[in-house]
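Step one of this worksheet: look at the structure below.
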There are 4 protein chains.
Amino acid sequence: MMKKKQHRPLGRPKVKSNDIPRNQLILQTAARLFIDNGYQNVSVDDVALNAGVTKATVYYYFDSKSELYKEAIVSLMNRIKERIDRLMEVNKPLYERLYDVTLAHLEATTSIDIEQFLRESKTDLSNEQIQEMKEAEKKIYESIEYAFSDAVTKGEISSINITFATQAYLALIKVGNYKQQDGSGLFSTAEKSAETILTFFWKGLFGTND
Amino acid sequence: MMKKKQHRPLGRPKVKSNDIPRNQLILQTAARLFIDNGYQNVSVDDVALNAGVTKATVYYYFDSKSELYKEAIVSLMNRIKERIDRLMEVNKPLYERLYDVTLAHLEATTSIDIEQFLRESKTDLSNEQIQEMKEAEKKIYESIEYAFSDAVTKGEISSINITFATQAYLALIKVGNYKQQDGSGLFSTAEKSAETILTFFWKGLFGTND
Amino acid sequence: MMKKKQHRPLGRPKVKSNDIPRNQLILQTAARLFIDNGYQNVSVDDVALNAGVTKATVYYYFDSKSELYKEAIVSLMNRIKERIDRLMEVNKPLYERLYDVTLAHLEATTSIDIEQFLRESKTDLSNEQIQEMKEAEKKIYESIEYAFSDAVTKGEISSINITFATQAYLALIKVGNYKQQDGSGLFSTAEKSAETILTFFWKGLFGTND
Amino acid sequence: MMKKKQHRPLGRPKVKSNDIPRNQLILQTAARLFIDNGYQNVSVDDVALNAGVTKATVYYYFDSKSELYKEAIVSLMNRIKERIDRLMEVNKPLYERLYDVTLAHLEATTSIDIEQFLRESKTDLSNEQIQEMKEAEKKIYESIEYAFSDAVTKGEISSINITFATQAYLALIKVGNYKQQDGSGLFSTAEKSAETILTFFWKGLFGTND
DNA sequence: AATGAATGAGATTTCATTCAT
DNA sequence: CATGAATGAAATCTCATTCAT
């Protein structure tokens, strides 16, 4: 990837106590790089360089590249799950809560695609690591699935295939991130986009939009 | 990846006229491997070995790994477009034609995700190669977009946002390929899957399913 | 080197009897490329492409790359020797004949440097091939050495170390081809250059310039 | 070229403080091999093997083969320049100082021929690298040119074309390294050789030898 | 806690050479 | 006579990983 060697003073650096801890810094740097460029296109050196440490330091905190990757992706997914949970806990109609979640996702730069994350790294990851990533993914789904199932239980919406609804919902969100050849999106604003998608989704599920 | 060496003589081989030409064989082998494992996880040696030729033979036919990749993906996309076109040309209501296309996609082992194809290889591909892949992608979209726009023109369906419809349709097909943690799909048969997806899509667009 | 694939019609081409024979064409092409770019920087494919034939055709006429190289260089040196001989045979004072030879060399685009020719290829050439090249080199030297020795015999010049004189003469010619950093030569014209060099050489030998 | 593998442990080696640093060792090894065999005939593996390290170690210290080459040649030229400077600074007549320089060059195994160094590698070197090599070459020339120009200024010798004098001088030194077919030199000792060459040069410049 | 130095294994690519047609 | 197809061997370069300090 990038070349940008920058020498740092020898010896143990003074702890700048206001900084975030090294391992967190590395993890965040790794997450950003991996998501932007993919597992195979980011070397451990890239991560080190961008985090301002040496490769050996990365290995001091993480056992291997695949472990670093798993940790980065899992912690990203955990953050996403928490954000969804927060928005879903609010006391509002399901439609409105879904709207908030949709908007939050459309505004996030990263479109999480777990299939993709696994696909790019599957030759390197251990079964355990794959399992952990799938677990984290499942929790995201469960957050949404729970919201649906809860709304059914409370009679807010009629009974549906919850897994299908969740997957369809997530798939449609990705459509909202679709960029045309000229780089422009499908809709002028994220709000308009969220509205269209959700209207479509709601009609798809219930045949009507109220 | 795999090793399966089998020695073949130097120089030009005796013509076995019944075989498919070498370059086609290589291209098909490459397509399969790239789609299954991703660009970075497949080495040129892997392609060669699986095609039963040597690495040098691959380079005899293709200038570089990225060129081989581009060719493999583009020819795959061309085949998909042709299959869609054939199914869309039939004289049947749009809904039924879409059903056939959906079914065909669900039964195909490969779920094409062009974003992914580009993402995995973007550091290696030239702008020209990227452009060619996007061109091929666009043609697939256009096949579907044309079917929508034609149906609108003929008054078969009411006016819609055709690009959004197309992307939503494709996204929902991918949901049909979704496998749960235990490896089972969402629906028992491809037909049931296609029906559910298409019903959802149609209601999403028109608020009703007829 | 260059990439410039150009397809030629299949099958045996009609003989265009006015053309120079294929093997000569290949030899001349090879000579030019080898001299301009060096042995290792020119591939057999480059030679073939530039001669408008296929690599296999080159191998039809020449046993190996090193053989082609040897032939190209030797025939070049033979041509040079003949040119020198022609100029040296004229019935003029030695000084004037040397002037003609000097001028001819300065005007030739190629500065022959046999050391260099051997150096670049020595790992590839057989002892026999090296010997043949050295033989051809020696003949060039002998042409010049003979002119000196003949002039001594005839009393035209006083006795000198003939081998040293020859090598010094050739070394000084190379100075005439020297280009400064800005690409300009040391003297404005080849004639001025030849004159300066020869004056220097003559004074070096005899301490005076007449 | 040669094979001489000897296993060394992974990771950072125990410090043997008496050894020269690895990068210097590699550079010296590379210089010797490149000068003896030429750029294209020496692989990075050859350099590594001869330096007793692995290829990867070479790449740890040098970005590319061409960079290694440039560094090796430039540092060689710098050493030569310094040797010349040291000999030229002595308070002696120019003729005697030139004699010392000539002798030193004749005794050196390596005859520097920058044209050659560039020619063999030109397809690989970047413009910057070429420039750096030419710069180093120029400094050698300048050392000698300065000695001439200084001697003219001080009235030690009469006015001459300094660039031509320098190039002629260097060309004649190369004659001193000339080996006849049987491997023997032109003169019995380096001292005799230096004397002959310098006498010739001095007469060439001034028409007389005192 | 952090790093500089080193390596093994593997990736892409080039190229001289061969041979059936 | 000439060629297209194929290959073995080697070259350059990358990178995850290790380890003494």
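Chain labels follow the order of the structure tokens: the first chain is A, the next B, and so on; residue numbering restarts at 1 in every chain, and ligands are counted from 1 in their shown order.
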
Contacts of stretch 125-136 of chain A within 8 Å, only C-alpha atoms (C1' of nucleotides), excl. fewer than 6 positions in-chain, as a compact mmCIF listing (two decimals) with N, CA and C atoms, in the first residue's frame:
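Heads up, here's the output in out_17.txt:
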# COMPACT_ATOMS: atom_id res chain seq x y z
N SER A 66 -4.23 -12.38 11.34
CA SER A 66 -5.63 -12.81 11.32
C SER A 66 -6.31 -12.47 12.65
N GLU A 67 -5.57 -12.60 13.75
CA GLU A 67 -6.13 -12.26 15.05
C GLU A 67 -6.46 -10.76 15.11
N LYS A 70 -9.59 -10.20 13.04
CA LYS A 70 -10.79 -10.65 13.74
C LYS A 70 -11.17 -9.64 14.82
N ILE A 73 -12.56 -6.41 13.29
CA ILE A 73 -13.91 -6.55 12.74
C ILE A 73 -14.93 -6.79 13.84
N VAL A 74 -14.60 -7.65 14.77
CA VAL A 74 -15.54 -7.95 15.84
C VAL A 74 -15.84 -6.69 16.66
N MET A 77 -18.15 -4.56 14.77
CA MET A 77 -19.52 -5.07 14.76
C MET A 77 -20.19 -4.87 16.11
N ASN A 78 -19.41 -5.00 17.16
CA ASN A 78 -19.99 -4.73 18.48
C ASN A 78 -20.45 -3.29 18.60
N LEU A 118 -15.42 -12.09 5.68
CA LEU A 118 -14.99 -13.46 5.85
C LEU A 118 -14.33 -13.99 4.58
N GLN B 181 -26.58 -19.87 10.08
CA GLN B 181 -25.38 -20.40 10.75
C GLN B 181 -25.23 -21.92 10.53

Sorted by chain and rising residue number, which residues of chain C lie within 7 Å of chain D, and what are their closest atom pairs and distances in Å to one decimal, counting only C-alpha atoms, as JSON lines?
{"residue": "C:Gly38", "atom": "CA", "partner": "D:Glu120", "partner_atom": "CA", "distance": 6.6}
{"residue": "C:Gln40", "atom": "CA", "partner": "D:Gln40", "partner_atom": "CA", "distance": 6.4}
{"residue": "C:Glu120", "atom": "CA", "partner": "D:Gly38", "partner_atom": "CA", "distance": 6.5}
{"residue": "C:Phe164", "atom": "CA", "partner": "D:Leu186", "partner_atom": "CA", "distance": 6.9}
{"residue": "C:Gln167", "atom": "CA", "partner": "D:Val175", "partner_atom": "CA", "distance": 6.1}
{"residue": "C:Ala168", "atom": "CA", "partner": "D:Leu172", "partner_atom": "CA", "distance": 6.2}
{"residue": "C:Ala171", "atom": "CA", "partner": "D:Ala171", "partner_atom": "CA", "distance": 5.5}
{"residue": "C:Leu172", "atom": "CA", "partner": "D:Ala168", "partner_atom": "CA", "distance": 6.2}
{"residue": "C:Val175", "atom": "CA", "partner": "D:Gln167", "partner_atom": "CA", "distance": 6.2}
{"residue": "C:Leu186", "atom": "CA", "partner": "D:Phe164", "partner_atom": "CA", "distance": 7.0}
{"residue": "C:Phe200", "atom": "CA", "partner": "D:Gly204", "partner_atom": "CA", "distance": 4.4}
{"residue": "C:Phe201", "atom": "CA", "partner": "D:Gly204", "partner_atom": "CA", "distance": 5.9}
{"residue": "C:Lys203", "atom": "CA", "partner": "D:Gly204", "partner_atom": "CA", "distance": 4.6}
{"residue": "C:Gly204", "atom": "CA", "partner": "D:Gly204", "partner_atom": "CA", "distance": 3.8}
{"residue": "C:Leu205", "atom": "CA", "partner": "D:Phe200", "partner_atom": "CA", "distance": 6.3}
{"residue": "C:Gly207", "atom": "CA", "partner": "D:Gly207", "partner_atom": "CA", "distance": 4.7}
{"residue": "C:Thr208", "atom": "CA", "partner": "D:Gly207", "partner_atom": "CA", "distance": 5.5}

Mind dumping the selected residues with all heavy atoms as a short mmCIF file (atom, residue, chain, number, x, y, z; two decimals), in the first residue's frame?
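The file below, again.cif, is the result:
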data_model
loop_
_atom_site.label_atom_id
_atom_site.label_comp_id
_atom_site.auth_asym_id
_atom_site.auth_seq_id
_atom_site.Cartn_x
_atom_site.Cartn_y
_atom_site.Cartn_z
N GLY C 38 22.53 -3.66 -25.38
CA GLY C 38 23.28 -4.64 -24.61
C GLY C 38 22.67 -6.03 -24.70
O GLY C 38 21.46 -6.18 -24.92
N GLN C 40 22.02 -8.47 -22.46
CA GLN C 40 21.01 -8.91 -21.50
C GLN C 40 19.71 -8.13 -21.60
O GLN C 40 18.67 -8.60 -21.15
CB GLN C 40 21.56 -8.80 -20.07
CG GLN C 40 22.81 -9.61 -19.82
CD GLN C 40 22.51 -11.06 -19.52
OE1 GLN C 40 21.42 -11.55 -19.80
NE2 GLN C 40 23.50 -11.77 -19.01
N GLU C 120 29.20 -8.17 -21.03
CA GLU C 120 27.76 -8.30 -20.84
C GLU C 120 27.25 -9.72 -21.06
O GLU C 120 26.17 -10.08 -20.63
CB GLU C 120 27.01 -7.37 -21.79
CG GLU C 120 27.19 -5.91 -21.45
CD GLU C 120 26.53 -5.04 -22.49
OE1 GLU C 120 26.49 -5.42 -23.68
OE2 GLU C 120 26.05 -3.97 -22.11
N PHE C 164 50.88 -0.63 -28.10
CA PHE C 164 50.49 0.51 -27.28
C PHE C 164 49.92 1.63 -28.15
O PHE C 164 48.87 2.22 -27.82
CB PHE C 164 51.68 1.04 -26.48
CG PHE C 164 51.39 2.31 -25.75
CD1 PHE C 164 50.56 2.32 -24.62
CD2 PHE C 164 51.93 3.53 -26.18
CE1 PHE C 164 50.28 3.49 -23.96
CE2 PHE C 164 51.64 4.71 -25.51
CZ PHE C 164 50.81 4.69 -24.40
N GLN C 167 46.34 0.71 -29.20
CA GLN C 167 45.36 0.82 -28.12
C GLN C 167 45.14 2.28 -27.71
O GLN C 167 44.00 2.69 -27.44
CB GLN C 167 45.80 -0.02 -26.91
CG GLN C 167 45.83 -1.52 -27.21
CD GLN C 167 44.50 -2.06 -27.70
OE1 GLN C 167 43.44 -1.66 -27.20
NE2 GLN C 167 44.54 -2.93 -28.71
N ALA C 168 46.22 3.03 -27.68
CA ALA C 168 46.08 4.44 -27.33
C ALA C 168 45.24 5.16 -28.37
O ALA C 168 44.35 5.96 -28.05
CB ALA C 168 47.46 5.09 -27.21
N ALA C 171 41.64 4.22 -27.88
CA ALA C 171 41.11 4.83 -26.66
C ALA C 171 40.79 6.30 -26.89
O ALA C 171 39.76 6.81 -26.44
CB ALA C 171 42.13 4.68 -25.53
N LEU C 172 41.66 6.96 -27.61
CA LEU C 172 41.43 8.39 -27.85
C LEU C 172 40.23 8.63 -28.76
O LEU C 172 39.51 9.63 -28.61
CB LEU C 172 42.70 9.02 -28.45
CG LEU C 172 43.85 9.13 -27.43
CD1 LEU C 172 45.14 9.58 -28.13
CD2 LEU C 172 43.48 10.11 -26.31
N VAL C 175 37.29 8.93 -26.73
CA VAL C 175 37.16 10.25 -26.13
C VAL C 175 36.40 11.18 -27.05
O VAL C 175 35.61 12.03 -26.62
CB VAL C 175 38.55 10.85 -25.81
CG1 VAL C 175 38.42 12.28 -25.32
CG2 VAL C 175 39.25 9.99 -24.76
N LEU C 186 32.53 17.31 -27.12
CA LEU C 186 33.64 18.17 -26.71
C LEU C 186 33.97 19.21 -27.77
O LEU C 186 34.42 20.31 -27.47
CB LEU C 186 34.89 17.32 -26.45
CG LEU C 186 34.95 16.62 -25.11
CD1 LEU C 186 36.19 15.74 -25.02
CD2 LEU C 186 34.96 17.65 -23.98
N PHE C 200 46.91 15.35 -30.88
CA PHE C 200 47.32 14.90 -29.55
C PHE C 200 48.06 13.57 -29.66
O PHE C 200 49.14 13.36 -29.10
CB PHE C 200 46.08 14.76 -28.67
CG PHE C 200 46.38 14.27 -27.28
CD1 PHE C 200 46.62 15.15 -26.24
CD2 PHE C 200 46.41 12.91 -27.00
CE1 PHE C 200 46.89 14.69 -24.96
CE2 PHE C 200 46.70 12.44 -25.73
CZ PHE C 200 46.93 13.34 -24.70
N PHE C 201 47.48 12.65 -30.41
CA PHE C 201 48.05 11.32 -30.55
C PHE C 201 49.44 11.39 -31.19
O PHE C 201 50.40 10.75 -30.74
CB PHE C 201 47.12 10.47 -31.42
CG PHE C 201 47.67 9.10 -31.74
CD1 PHE C 201 47.84 8.14 -30.76
CD2 PHE C 201 48.01 8.79 -33.06
CE1 PHE C 201 48.34 6.88 -31.07
CE2 PHE C 201 48.51 7.53 -33.38
CZ PHE C 201 48.68 6.58 -32.39
N LYS C 203 51.52 13.92 -31.39
CA LYS C 203 52.50 14.53 -30.48
C LYS C 203 52.86 13.56 -29.36
O LYS C 203 54.04 13.45 -28.96
CB LYS C 203 51.96 15.83 -29.88
CG LYS C 203 51.89 16.97 -30.89
CD LYS C 203 51.85 18.32 -30.20
CE LYS C 203 50.53 18.53 -29.48
NZ LYS C 203 50.43 19.83 -28.83
N GLY C 204 51.87 12.82 -28.86
CA GLY C 204 52.15 11.83 -27.82
C GLY C 204 53.18 10.82 -28.29
O GLY C 204 54.08 10.43 -27.54
N LEU C 205 53.06 10.42 -29.53
CA LEU C 205 53.97 9.42 -30.05
C LEU C 205 55.35 9.99 -30.36
O LEU C 205 56.39 9.44 -30.00
CB LEU C 205 53.41 8.79 -31.33
CG LEU C 205 52.38 7.66 -31.20
CD1 LEU C 205 52.08 7.10 -32.58
CD2 LEU C 205 52.89 6.56 -30.28
N GLY C 207 56.28 13.50 -30.15
CA GLY C 207 56.68 14.73 -29.49
C GLY C 207 56.54 15.96 -30.37
O GLY C 207 56.87 17.07 -29.97
N THR C 208 56.04 15.78 -31.57
CA THR C 208 55.86 16.90 -32.48
C THR C 208 54.76 16.56 -33.47
O THR C 208 54.38 15.40 -33.61
CB THR C 208 57.16 17.21 -33.24
OG1 THR C 208 56.87 18.06 -34.35
CG2 THR C 208 57.77 15.91 -33.79
#

Nearest candidate to F:DA11 (options D:Ile140, D:Val44, D:Leu98, D:Ile20; using only C-alpha atoms (C1' of nucleotides)): D:Val44

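With the cut-off set to 8 Å and only C-alpha atoms (C1' of nucleotides) counted, chain F residues close to chain D are DA11, DT12, DC13, DT18, DC19 and DA20 of chain F.
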
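Across all paired C-alpha atoms, the best overlay of chain A on chain B gives 0.6 Å RMSD.
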
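Rounded to one decimal, atom CA of B:Glu142 and atom CA of A:Ile114 lie 27.8 Å from each other.
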
So how many Å separate atom CA of C:Phe117 and atom CA of C:Ile35, to one decimal? 8.2 Å

Would you write out, as CSV, a table of all residues in chain E that have an atom no more than 10 Å from an atom of chain C, listing for each the closest atom pair and the distance in Å to one decimal, considering only C-alpha atoms (C1' of nucleotides) and ordering rows by chain and rising residue number?
residue,atom,partner,partner_atom,distance
E:DT14,C1',C:Ser43,CA,9.6
E:DC15,C1',C:Ser43,CA,7.2
E:DA16,C1',C:Lys65,CA,7.5
E:DT17,C1',C:Ser64,CA,8.2
E:DT18,C1',C:Ala56,CA,9.3

Can you write out the residues you just picked, keeping N, CA and C atoms (P, O5', C5', C4', C3', O3' and C1' of nucleotides), as a compact mmCIF listing (two decimals), in the first residue's frame?
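Here's the written file selection.txt:
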# COMPACT_ATOMS: atom_id res chain seq x y z
P DT E 14 6.48 -9.55 -17.39
O5' DT E 14 7.83 -10.37 -17.61
C5' DT E 14 8.94 -9.99 -16.84
C4' DT E 14 10.14 -10.81 -17.29
C3' DT E 14 10.28 -10.96 -18.80
O3' DT E 14 11.65 -10.73 -19.09
C1' DT E 14 10.26 -13.09 -17.78
P DC E 15 12.11 -10.44 -20.56
O5' DC E 15 12.79 -11.81 -20.97
C5' DC E 15 13.57 -12.49 -19.99
C4' DC E 15 13.97 -13.84 -20.53
C3' DC E 15 13.85 -13.98 -22.05
O3' DC E 15 14.95 -14.72 -22.50
C1' DC E 15 12.65 -15.68 -21.03
P DA E 16 15.68 -14.35 -23.85
O5' DA E 16 16.50 -15.69 -24.07
C5' DA E 16 17.34 -16.15 -23.03
C4' DA E 16 17.34 -17.66 -22.99
C3' DA E 16 17.67 -18.34 -24.31
O3' DA E 16 18.48 -19.47 -24.04
C1' DA E 16 15.50 -19.01 -23.60
P DT E 17 19.08 -20.28 -25.28
O5' DT E 17 18.01 -21.44 -25.47
C5' DT E 17 17.71 -22.28 -24.36
C4' DT E 17 16.52 -23.14 -24.67
C3' DT E 17 16.55 -23.86 -26.02
O3' DT E 17 16.59 -25.25 -25.76
C1' DT E 17 14.39 -23.03 -25.51
P DT E 18 16.78 -26.26 -26.94
O5' DT E 18 15.29 -26.87 -27.06
C5' DT E 18 14.70 -27.41 -25.91
C4' DT E 18 13.30 -27.90 -26.25
C3' DT E 18 13.22 -28.75 -27.52
O3' DT E 18 12.49 -29.92 -27.20
C1' DT E 18 11.63 -27.01 -27.61

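Separating atom CA of A:Val53 from atom C1' of E:DA9 is a distance of 25.5 Å.
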